[in-house]
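Q: Let me give you the structure first, and then I'll get to my questions.
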Amino acid sequence: MENNTVNFENVFNDKIGKNEYIEPKDWMPEKYRKTLIRQISQHAHSEVIGMQPEGNWITRAPSLRRKAILLAKIQDEGGHGLYLYSACETLGISREELIRQLHTGAAKYSSIFNYPALNWADIGAIGWLVDGAAIVNQVSLQRTSYGPYSRAMVRICKEESFHQRQGYELLLELCRGSKEQKAMAQDAMNRWWWPSLMMFGPHDADSAHSADSIKWKIKRETNDELRQKFIDKTVAQAEFLGLTIPDPDLKWNEARGHYDFGKIDWEEFNNVIKGNGPCNKQRLEHHVKVHNENAWVREAANAYAAKKAKAAKGALVA
Amino acid sequence: MSNNSNAALLEFVLRLGDNNLILGHRLSEWCSNGPFLEEDIALSNIALDYLGQTRILYTYAGTLEGGKTEDFYAYERFEHEFTNALITELPNGDYAHSIARQLYYSVFADLLLTELMKSKDATLSGYAAKAIKETAYHLRHATDWTLRLGDGTEESHQRMQKAIDDLFMYTGDMFATTEKEKSLVAAGIAPDVPALKAAWTKKVESVLKEATLTMPDAATWQMQGSRTNRHTEHIGYIIAEMQYVTRAYPGNKW
């Protein structure tokens, strides 16, 4: 007689092998769950922390149209944070715990938001380069093996491509404008290019989490593959704007069919990750401060909901 | 249309537009400062509604003045030329203060827009029909939060009562009118704004009562000034911030 005991791990591996989604109630290896929580929460926190550098320009946006676009975009980012927190909660962790991990430093967010948004063109550069880099990664993640994460990514990608276009269009206006406007755009390009390349993470050989993530199809392409894709599609866009990419080693390699590019400053990358970026303290302290200062609002909402629930129950009993 | 009635209409349209711009500016300051993510999004959303309404109104003002752009009104006027109600320019304060302002203003806007939908001016009645749908949501949001904070915890109750009391002296100014505006009322173009006060008081009173809060004394002295170019000090900082880029780099397109 055959053994009727189901081997959960085999079922899981079988699904991964067949490119089927893993759903919240399915058995999954503990490390798969942990890896997902780490990655999805980092993604959620990035959306939320990213609201700070962009929000910094809402009140100074130089036209009503741009102000409306920026507000709508930041609202979308908040919405992405919400889908992602929800996707993460399906893995058995609460939002409260996720935020606690952000505040203690146990959970990370994308290092890119530890750089400051200094001039108006930065809003364009964040849309074009930062969201552009994020899209390359997120398009790939639409095929991630965890169902709720994949579905969140499909929704997010639609909105992110609008974000990227608005950023590019903002820069195009500046690049076709006055000398000062063009200088503003170039300055933004100079500051955001390298950090955008770093967004894809360390080289594959140095990436601590990559192997398992690829095996389990959480990640579908490696850091280096995604980074190359981003560079290849962005160079022509920069040329069209008339902006110079701040990399003297950047050149088309006919044999590879890709752009070669210069050495990434991993020392800077590692320092920003460790907390030494220009805005690490500012971003996190702001989140903690706002969260703590408004604790009374959340307590009030809970107390009110509890009162109403009790009253409704009382009415039902009576 | 005669020059006089055109000037009156322009003044009225700008009053509505300025209220929306300045309150939207204040609400947008809550972005990444909200008590939790859902509220951050809700407040940005309301700010965006106000901004959308501003653009409709400024665009209309531009046609009345023969070709000025929406951005002219936001970026090229000086602070004393803005005619927003004083309550819209006050700093946000704590969450209770922002909610109290949203309650006071949303009840006002809802009543105003209900009347404005009957305007003989098709642009204004069309604007009101669109805007009232948004305002109904703003009013629900403000009402829900007034109830939660008023009838939540001891601390939230105290904060909400303080906010309601602190802001009450600025509410009368929302109803201020001008001689020009009165001529529009007679022509069926603008609603009789001061006449909305009774219905406003009744509605606010009923929400506060349900929220276990006390309505401030009707005899409270009321600050005035928005129709006579007497702002609070706060407007200067709002305008300086809003216009910084366009004033630093004049004559550019953005």
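Please note that chains go A, B, ... in the order of the structure tokens, that every chain numbers its residues from 1, and that ligands are numbered from 1 in the order shown.
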If the cut-off is 6 Å, can you tell me the residues of chain B near chain A, counting only C-alpha atoms? I'd like them as a list in words.
A: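 Written out as asked, the residues are Asn33, Pro35, Ile41, Arg148, Leu149, Gly152, Thr153, Glu241, Met242, Val245 and Thr246 of chain B.
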Q: Skip A:Cys157 itself and residues of its chain fewer than 5 positions away, then list as a list of chain:residue names all residues within 8 Å of it, counting only C-alpha atoms.
A: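 Close residues of A:Cys157: A:Ile135, A:Gln138, A:Val139.
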Q: Print the selection's residues with N, CA, C and O atoms to a file, as a short mmCIF file (atom, residue, chain, number, x, y, z; two decimals), in the first residue's frame.
A:
```
data_model
loop_
_atom_site.label_atom_id
_atom_site.label_comp_id
_atom_site.auth_asym_id
_atom_site.auth_seq_id
_atom_site.Cartn_x
_atom_site.Cartn_y
_atom_site.Cartn_z
N ILE A 135 10.36 49.86 -11.03
CA ILE A 135 9.49 49.15 -11.98
C ILE A 135 10.19 47.93 -12.56
O ILE A 135 9.60 46.86 -12.67
N GLN A 138 9.88 45.43 -10.06
CA GLN A 138 8.50 45.03 -9.76
C GLN A 138 7.85 44.27 -10.91
O GLN A 138 7.03 43.37 -10.67
N VAL A 139 8.21 44.63 -12.14
CA VAL A 139 7.67 43.88 -13.28
C VAL A 139 8.08 42.42 -13.14
O VAL A 139 7.29 41.50 -13.32
#
```
Q: Give me, as an NGL selection string, the residues of stretch 22-233 of chain B that a backbone DSSP run labels alpha helix (DSSP H).
A: :B and (22-28 or 37-64 or 70-75 or 86-89 or 95-116 or 122-150 or 154-168 or 179-186 or 197-210)
Q: Counting only C-alpha atoms, what is within 12 Å of B:Asp217, bar same-chain residues fewer than 3 positions away, as an MDAnalysis selection string?
A: chainID B and resid 164:166 168:169 201 205 214 220:222
Q: Hey, can you spit out that residue selection with N, CA, C and O atoms as an mmCIF file, in the first residue's frame?
A:
```cif
data_model
loop_
_atom_site.group_PDB
_atom_site.id
_atom_site.type_symbol
_atom_site.label_atom_id
_atom_site.label_comp_id
_atom_site.auth_asym_id
_atom_site.auth_seq_id
_atom_site.Cartn_x
_atom_site.Cartn_y
_atom_site.Cartn_z
ATOM 1 N N ILE B 164 -12.395 72.460 19.150
ATOM 2 C CA ILE B 164 -13.698 73.054 18.802
ATOM 3 C C ILE B 164 -13.790 74.465 19.391
ATOM 4 O O ILE B 164 -14.200 75.416 18.716
ATOM 5 N N ASP B 165 -13.357 74.612 20.633
ATOM 6 C CA ASP B 165 -13.404 75.917 21.300
ATOM 7 C C ASP B 165 -12.416 76.904 20.673
ATOM 8 O O ASP B 165 -12.752 78.052 20.402
ATOM 9 N N ASP B 166 -11.183 76.435 20.429
ATOM 10 C CA ASP B 166 -10.136 77.323 19.898
ATOM 11 C C ASP B 166 -10.520 77.900 18.530
ATOM 12 O O ASP B 166 -10.214 79.053 18.225
ATOM 13 N N PHE B 168 -13.544 78.166 17.149
ATOM 14 C CA PHE B 168 -14.893 78.709 16.962
ATOM 15 C C PHE B 168 -14.890 80.193 16.584
ATOM 16 O O PHE B 168 -15.677 80.644 15.768
ATOM 17 N N MET B 169 -13.946 80.935 17.159
ATOM 18 C CA MET B 169 -13.913 82.388 16.890
ATOM 19 C C MET B 169 -13.584 82.719 15.431
ATOM 20 O O MET B 169 -13.756 83.850 14.994
ATOM 21 N N THR B 201 -25.121 76.288 12.159
ATOM 22 C CA THR B 201 -25.093 76.136 13.618
ATOM 23 C C THR B 201 -25.853 74.883 14.036
ATOM 24 O O THR B 201 -25.387 74.099 14.866
ATOM 25 N N GLU B 205 -24.039 71.741 15.765
ATOM 26 C CA GLU B 205 -24.535 71.418 17.110
ATOM 27 C C GLU B 205 -24.933 69.942 17.218
ATOM 28 O O GLU B 205 -24.610 69.275 18.201
ATOM 29 N N THR B 214 -19.382 69.892 23.639
ATOM 30 C CA THR B 214 -20.224 71.055 23.914
ATOM 31 C C THR B 214 -20.048 72.116 22.829
ATOM 32 O O THR B 214 -18.924 72.474 22.489
ATOM 33 N N THR B 220 -19.693 84.083 21.511
ATOM 34 C CA THR B 220 -18.223 84.187 21.415
ATOM 35 C C THR B 220 -17.848 85.240 20.366
ATOM 36 O O THR B 220 -18.418 85.258 19.272
ATOM 37 N N TRP B 221 -16.905 86.084 20.734
ATOM 38 C CA TRP B 221 -16.498 87.131 19.789
ATOM 39 C C TRP B 221 -15.905 86.492 18.533
ATOM 40 O O TRP B 221 -15.158 85.518 18.606
ATOM 41 N N GLN B 222 -16.267 87.041 17.380
ATOM 42 C CA GLN B 222 -15.846 86.447 16.110
ATOM 43 C C GLN B 222 -14.838 87.334 15.380
ATOM 44 O O GLN B 222 -15.107 88.500 15.117
#
```
Q: Rounded to one decimal, what separation in Å do you get between atom CA of A:Gln164 and atom CA of A:Asn223?
A: 20.4 Å
Q: Would you pick out the contacts of A:Gly277 at 9 Å or less, using only C-alpha atoms, so that residues sharing its chain but fewer than 3 positions from it are not included, and give the list as a count of residues only?
A: 11
Q: Work out how far apart atom CA of B:Tyr73 and atom CA of B:Gln102 are and give it in Å to one decimal.
A: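 Taking atom CA of B:Tyr73 as the start and atom CA of B:Gln102 as the end point, the length is 23.9 Å.
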Q: Excluding stretch 22-27 of chain A and any residue of its chain fewer than 4 positions from it, enumerate the residues within 8 Å of it, using only C-alpha atoms, and give them as an MDAnalysis selection string.
A: chainID A and resid 8:9 12 15:16 90:91 145:148
Q: Output the selection as a PDB file, in the first residue's frame - all heavy atoms for each residue.
A:
```pdb
ATOM      1  N   PHE A   8       4.368  17.636   2.786  1.00  0.00           N
ATOM      2  CA  PHE A   8       4.044  19.033   2.485  1.00  0.00           C
ATOM      3  C   PHE A   8       5.148  19.723   1.691  1.00  0.00           C
ATOM      4  O   PHE A   8       4.882  20.520   0.813  1.00  0.00           O
ATOM      5  CB  PHE A   8       3.787  19.802   3.787  1.00  0.00           C
ATOM      6  CG  PHE A   8       2.502  19.424   4.452  1.00  0.00           C
ATOM      7  CD1 PHE A   8       2.494  18.838   5.707  1.00  0.00           C
ATOM      8  CD2 PHE A   8       1.288  19.660   3.814  1.00  0.00           C
ATOM      9  CE1 PHE A   8       1.296  18.500   6.331  1.00  0.00           C
ATOM     10  CE2 PHE A   8       0.087  19.322   4.442  1.00  0.00           C
ATOM     11  CZ  PHE A   8       0.080  18.742   5.697  1.00  0.00           C
ATOM     12  N   GLU A   9       6.352  19.365   2.036  1.00  0.00           N
ATOM     13  CA  GLU A   9       7.475  20.023   1.356  1.00  0.00           C
ATOM     14  C   GLU A   9       7.489  19.662  -0.127  1.00  0.00           C
ATOM     15  O   GLU A   9       7.774  20.508  -0.978  1.00  0.00           O
ATOM     16  CB  GLU A   9       8.798  19.645   2.024  1.00  0.00           C
ATOM     17  CG  GLU A   9       9.951  20.462   1.469  1.00  0.00           C
ATOM     18  CD  GLU A   9      11.111  20.594   2.445  1.00  0.00           C
ATOM     19  OE1 GLU A   9      11.066  19.958   3.516  1.00  0.00           O
ATOM     20  OE2 GLU A   9      12.051  21.345   2.126  1.00  0.00           O
ATOM     21  N   PHE A  12       4.844  21.645  -1.860  1.00  0.00           N
ATOM     22  CA  PHE A  12       5.329  23.026  -2.027  1.00  0.00           C
ATOM     23  C   PHE A  12       6.313  23.112  -3.197  1.00  0.00           C
ATOM     24  O   PHE A  12       6.152  23.953  -4.097  1.00  0.00           O
ATOM     25  CB  PHE A  12       6.000  23.476  -0.713  1.00  0.00           C
ATOM     26  CG  PHE A  12       6.700  24.809  -0.807  1.00  0.00           C
ATOM     27  CD1 PHE A  12       6.002  26.001  -0.649  1.00  0.00           C
ATOM     28  CD2 PHE A  12       8.079  24.878  -1.057  1.00  0.00           C
ATOM     29  CE1 PHE A  12       6.657  27.235  -0.737  1.00  0.00           C
ATOM     30  CE2 PHE A  12       8.736  26.103  -1.150  1.00  0.00           C
ATOM     31  CZ  PHE A  12       8.018  27.282  -0.991  1.00  0.00           C
ATOM     32  N   LYS A  15       4.664  22.759  -6.546  1.00  0.00           N
ATOM     33  CA  LYS A  15       3.987  23.991  -6.983  1.00  0.00           C
ATOM     34  C   LYS A  15       4.985  25.004  -7.536  1.00  0.00           C
ATOM     35  O   LYS A  15       4.745  25.636  -8.559  1.00  0.00           O
ATOM     36  CB  LYS A  15       3.229  24.642  -5.815  1.00  0.00           C
ATOM     37  CG  LYS A  15       1.907  23.990  -5.537  1.00  0.00           C
ATOM     38  CD  LYS A  15       1.056  24.859  -4.622  1.00  0.00           C
ATOM     39  CE  LYS A  15      -0.310  24.206  -4.456  1.00  0.00           C
ATOM     40  NZ  LYS A  15      -1.154  24.926  -3.518  1.00  0.00           N
ATOM     41  N   ILE A  16       6.085  25.168  -6.812  1.00  0.00           N
ATOM     42  CA  ILE A  16       7.116  26.107  -7.271  1.00  0.00           C
ATOM     43  C   ILE A  16       7.608  25.669  -8.648  1.00  0.00           C
ATOM     44  O   ILE A  16       7.741  26.481  -9.567  1.00  0.00           O
ATOM     45  CB  ILE A  16       8.301  26.161  -6.268  1.00  0.00           C
ATOM     46  CG1 ILE A  16       7.836  26.686  -4.914  1.00  0.00           C
ATOM     47  CG2 ILE A  16       9.460  26.986  -6.818  1.00  0.00           C
ATOM     48  CD1 ILE A  16       7.674  28.161  -4.764  1.00  0.00           C
ATOM     49  N   THR A  90      -0.842  38.491   5.562  1.00  0.00           N
ATOM     50  CA  THR A  90      -1.313  37.138   5.248  1.00  0.00           C
ATOM     51  C   THR A  90      -0.274  36.089   5.650  1.00  0.00           C
ATOM     52  O   THR A  90      -0.565  34.903   5.672  1.00  0.00           O
ATOM     53  CB  THR A  90      -1.605  36.950   3.742  1.00  0.00           C
ATOM     54  OG1 THR A  90      -0.388  37.099   3.006  1.00  0.00           O
ATOM     55  CG2 THR A  90      -2.633  37.944   3.226  1.00  0.00           C
ATOM     56  N   LEU A  91       0.939  36.543   5.955  1.00  0.00           N
ATOM     57  CA  LEU A  91       1.986  35.610   6.368  1.00  0.00           C
ATOM     58  C   LEU A  91       2.025  35.446   7.888  1.00  0.00           C
ATOM     59  O   LEU A  91       2.953  34.851   8.440  1.00  0.00           O
ATOM     60  CB  LEU A  91       3.348  36.081   5.847  1.00  0.00           C
ATOM     61  CG  LEU A  91       3.467  36.015   4.322  1.00  0.00           C
ATOM     62  CD1 LEU A  91       4.566  36.931   3.817  1.00  0.00           C
ATOM     63  CD2 LEU A  91       3.733  34.583   3.868  1.00  0.00           C
ATOM     64  N   SER A 145       6.493  33.925  -6.614  1.00  0.00           N
ATOM     65  CA  SER A 145       5.744  32.693  -6.333  1.00  0.00           C
ATOM     66  C   SER A 145       4.654  32.867  -5.276  1.00  0.00           C
ATOM     67  O   SER A 145       3.763  32.039  -5.171  1.00  0.00           O
ATOM     68  CB  SER A 145       6.710  31.584  -5.910  1.00  0.00           C
ATOM     69  OG  SER A 145       7.441  31.991  -4.774  1.00  0.00           O
ATOM     70  N   TYR A 146       4.708  33.925  -4.478  1.00  0.00           N
ATOM     71  CA  TYR A 146       3.693  34.079  -3.434  1.00  0.00           C
ATOM     72  C   TYR A 146       2.499  34.888  -3.986  1.00  0.00           C
ATOM     73  O   TYR A 146       2.644  36.061  -4.362  1.00  0.00           O
ATOM     74  CB  TYR A 146       4.297  34.758  -2.200  1.00  0.00           C
ATOM     75  CG  TYR A 146       3.341  34.761  -1.033  1.00  0.00           C
ATOM     76  CD1 TYR A 146       2.806  33.571  -0.553  1.00  0.00           C
ATOM     77  CD2 TYR A 146       2.951  35.947  -0.436  1.00  0.00           C
ATOM     78  CE1 TYR A 146       1.904  33.566   0.513  1.00  0.00           C
ATOM     79  CE2 TYR A 146       2.057  35.957   0.628  1.00  0.00           C
ATOM     80  CZ  TYR A 146       1.527  34.762   1.087  1.00  0.00           C
ATOM     81  OH  TYR A 146       0.628  34.758   2.130  1.00  0.00           O
ATOM     82  N   GLY A 147       1.337  34.257  -4.015  1.00  0.00           N
ATOM     83  CA  GLY A 147       0.145  34.829  -4.652  1.00  0.00           C
ATOM     84  C   GLY A 147      -0.190  36.265  -4.257  1.00  0.00           C
ATOM     85  O   GLY A 147      -0.265  37.144  -5.123  1.00  0.00           O
ATOM     86  N   PRO A 148      -0.382  36.543  -2.956  1.00  0.00           N
ATOM     87  CA  PRO A 148      -0.780  37.906  -2.566  1.00  0.00           C
ATOM     88  C   PRO A 148       0.262  38.971  -2.969  1.00  0.00           C
ATOM     89  O   PRO A 148      -0.093  40.094  -3.311  1.00  0.00           O
ATOM     90  CB  PRO A 148      -0.887  37.819  -1.040  1.00  0.00           C
ATOM     91  CG  PRO A 148      -1.221  36.377  -0.779  1.00  0.00           C
ATOM     92  CD  PRO A 148      -0.460  35.603  -1.822  1.00  0.00           C
TER      93      PRO A 148
END
```
Q: Neighbouring residues of B:His25 were defined as those with any atom within 10 Å, considering only C-alpha atoms; residues of the same chain fewer than 5 positions away were excluded. Please report them as a list in words.
A: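 My reading of the contact set: Ile58, Thr59, Arg60 and Lys67 of chain A; Asn19, Asn20, Trp30, Ser44, Ala47, Leu48, Tyr50, Leu51, Thr88, Glu89, Ile238, Ile239 and Met242 of chain B.
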Q: Store the residues picked out above in a file with all heavy atoms, as a compact mmCIF listing (two decimals), in the first residue's frame.
A:
```
# COMPACT_ATOMS: atom_id res chain seq x y z
N ILE A 58 5.48 69.08 -1.91
CA ILE A 58 4.08 69.36 -2.28
C ILE A 58 3.77 70.85 -2.15
O ILE A 58 3.22 71.47 -3.06
CB ILE A 58 3.08 68.59 -1.41
CG1 ILE A 58 3.22 67.08 -1.62
CG2 ILE A 58 1.64 69.00 -1.71
CD1 ILE A 58 2.40 66.27 -0.63
N THR A 59 4.14 71.42 -1.01
CA THR A 59 3.75 72.81 -0.76
C THR A 59 4.55 73.79 -1.62
O THR A 59 4.18 74.95 -1.73
CB THR A 59 3.94 73.19 0.73
OG1 THR A 59 5.30 72.87 1.09
CG2 THR A 59 2.99 72.41 1.62
N ARG A 60 5.64 73.31 -2.23
CA ARG A 60 6.46 74.20 -3.08
C ARG A 60 6.34 73.89 -4.56
O ARG A 60 7.06 74.50 -5.37
CB ARG A 60 7.93 74.10 -2.65
CG ARG A 60 8.20 74.68 -1.27
CD ARG A 60 9.65 74.49 -0.88
NE ARG A 60 9.98 73.09 -0.62
CZ ARG A 60 11.22 72.63 -0.45
NH1 ARG A 60 12.24 73.47 -0.53
NH2 ARG A 60 11.43 71.36 -0.21
N LYS A 67 1.46 70.17 -8.79
CA LYS A 67 1.12 69.91 -7.40
C LYS A 67 0.08 68.78 -7.33
O LYS A 67 0.20 67.87 -6.52
CB LYS A 67 0.55 71.20 -6.76
CG LYS A 67 0.49 71.18 -5.23
CD LYS A 67 -0.31 72.36 -4.70
CE LYS A 67 0.40 73.69 -4.73
NZ LYS A 67 1.40 73.84 -3.67
N ASN B 19 -10.34 79.78 -0.84
CA ASN B 19 -10.67 78.88 0.28
C ASN B 19 -10.14 77.48 -0.01
O ASN B 19 -9.53 76.84 0.85
CB ASN B 19 -12.21 78.76 0.44
CG ASN B 19 -12.79 79.90 1.25
OD1 ASN B 19 -12.06 80.64 1.91
ND2 ASN B 19 -14.09 80.05 1.20
N ASN B 20 -10.38 77.01 -1.22
CA ASN B 20 -9.96 75.66 -1.58
C ASN B 20 -8.44 75.53 -1.65
O ASN B 20 -7.87 74.54 -1.18
CB ASN B 20 -10.57 75.25 -2.93
CG ASN B 20 -12.01 74.79 -2.79
OD1 ASN B 20 -12.27 73.77 -2.18
ND2 ASN B 20 -12.94 75.56 -3.31
N TRP B 30 -0.26 67.44 5.96
CA TRP B 30 -0.41 66.21 6.74
C TRP B 30 0.25 65.02 6.06
O TRP B 30 0.38 63.95 6.65
CB TRP B 30 -1.90 65.90 6.99
CG TRP B 30 -2.44 66.59 8.20
CD1 TRP B 30 -3.27 67.68 8.22
CD2 TRP B 30 -2.19 66.26 9.57
NE1 TRP B 30 -3.54 68.04 9.51
CE2 TRP B 30 -2.89 67.19 10.37
CE3 TRP B 30 -1.44 65.28 10.21
CZ2 TRP B 30 -2.87 67.15 11.76
CZ3 TRP B 30 -1.41 65.25 11.60
CH2 TRP B 30 -2.12 66.18 12.37
N SER B 44 -4.55 63.34 2.20
CA SER B 44 -3.98 63.74 0.90
C SER B 44 -5.06 63.75 -0.17
O SER B 44 -5.06 64.59 -1.06
CB SER B 44 -2.90 62.75 0.45
OG SER B 44 -1.92 62.62 1.41
N ALA B 47 -7.10 66.84 0.27
CA ALA B 47 -6.29 67.96 -0.22
C ALA B 47 -6.34 68.02 -1.75
O ALA B 47 -6.46 69.09 -2.35
CB ALA B 47 -4.85 67.82 0.26
N LEU B 48 -6.28 66.85 -2.36
CA LEU B 48 -6.31 66.78 -3.81
C LEU B 48 -7.67 67.22 -4.36
O LEU B 48 -7.73 67.90 -5.39
CB LEU B 48 -5.98 65.35 -4.24
CG LEU B 48 -5.74 65.07 -5.72
CD1 LEU B 48 -4.63 65.95 -6.28
CD2 LEU B 48 -5.37 63.60 -5.92
N TYR B 50 -9.62 69.45 -2.96
CA TYR B 50 -9.63 70.92 -2.85
C TYR B 50 -8.80 71.55 -3.97
O TYR B 50 -9.17 72.58 -4.54
CB TYR B 50 -9.07 71.37 -1.49
CG TYR B 50 -10.00 71.12 -0.32
CD1 TYR B 50 -9.52 70.61 0.88
CD2 TYR B 50 -11.37 71.40 -0.39
CE1 TYR B 50 -10.34 70.38 1.97
CE2 TYR B 50 -12.21 71.17 0.70
CZ TYR B 50 -11.69 70.66 1.87
OH TYR B 50 -12.51 70.44 2.95
N LEU B 51 -7.70 70.91 -4.27
CA LEU B 51 -6.84 71.45 -5.33
C LEU B 51 -7.55 71.37 -6.68
O LEU B 51 -7.50 72.31 -7.48
CB LEU B 51 -5.52 70.66 -5.34
CG LEU B 51 -4.44 71.11 -6.30
CD1 LEU B 51 -4.09 72.57 -6.09
CD2 LEU B 51 -3.18 70.24 -6.09
N THR B 88 -9.08 78.83 7.14
CA THR B 88 -8.36 77.91 6.25
C THR B 88 -6.85 78.07 6.34
O THR B 88 -6.11 77.15 6.01
CB THR B 88 -8.78 78.10 4.77
OG1 THR B 88 -8.43 79.43 4.35
CG2 THR B 88 -10.26 77.88 4.56
N GLU B 89 -6.39 79.23 6.77
CA GLU B 89 -4.94 79.47 6.78
C GLU B 89 -4.29 79.16 8.11
O GLU B 89 -3.06 79.19 8.22
CB GLU B 89 -4.64 80.91 6.35
CG GLU B 89 -5.00 81.98 7.38
CD GLU B 89 -5.03 83.38 6.77
OE1 GLU B 89 -5.44 83.53 5.61
OE2 GLU B 89 -4.64 84.33 7.48
N ILE B 238 2.62 80.70 4.14
CA ILE B 238 2.03 79.78 3.14
C ILE B 238 2.41 80.26 1.75
O ILE B 238 2.87 79.49 0.90
CB ILE B 238 0.49 79.73 3.28
CG1 ILE B 238 0.09 79.07 4.59
CG2 ILE B 238 -0.14 79.01 2.08
CD1 ILE B 238 -1.41 79.04 4.85
N ILE B 239 2.22 81.55 1.50
CA ILE B 239 2.45 82.09 0.16
C ILE B 239 3.95 82.07 -0.18
O ILE B 239 4.33 81.75 -1.30
CB ILE B 239 1.86 83.52 0.04
CG1 ILE B 239 0.35 83.49 0.32
CG2 ILE B 239 2.16 84.14 -1.32
CD1 ILE B 239 -0.46 82.54 -0.54
N MET B 242 4.72 78.50 -1.08
CA MET B 242 4.05 78.08 -2.32
C MET B 242 4.70 78.72 -3.55
O MET B 242 4.85 78.09 -4.58
CB MET B 242 2.56 78.46 -2.25
CG MET B 242 1.76 78.00 -3.44
SD MET B 242 -0.01 77.91 -3.06
CE MET B 242 -0.34 79.54 -2.51
```
Q: Compare B:Asn45, B:Thr69, B:Gln53, B:Thr143 by their minimum atom-to-atom distance to B:Lys203, counting only C-alpha atoms, and give me the closest one.
A: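 Of B:Asn45, B:Thr69, B:Gln53, B:Thr143, the one nearest B:Lys203 is B:Thr143, counting only C-alpha atoms.
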Q: Would you compute the distance between atom CA of B:Ala187 and atom CA of B:Asp121? Give it in Å to one decimal.
A: 9.7 Å
Q: From the options B:Asp94, B:Ile87, B:Ile46, B:Gly188, which residue's atoms come nearest to B:Thr135, counting only C-alpha atoms?
A: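 For B:Thr135, the nearest of the candidates is B:Ile46.
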Q: Got a sec: who's within 12 Å of A:Trp266, counting only C-alpha atoms, leaving out chain neighbours fewer than 3 positions off, as a list in words?
A: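 In the requested form, the answer reads Trp194, Pro195, Leu197, Met198, Met199, Gly201, Pro202, His203, Asp206, Gly262, Lys263, Phe269, Asn270, Asn271, Val272, Ile273 and Lys274 of chain A.
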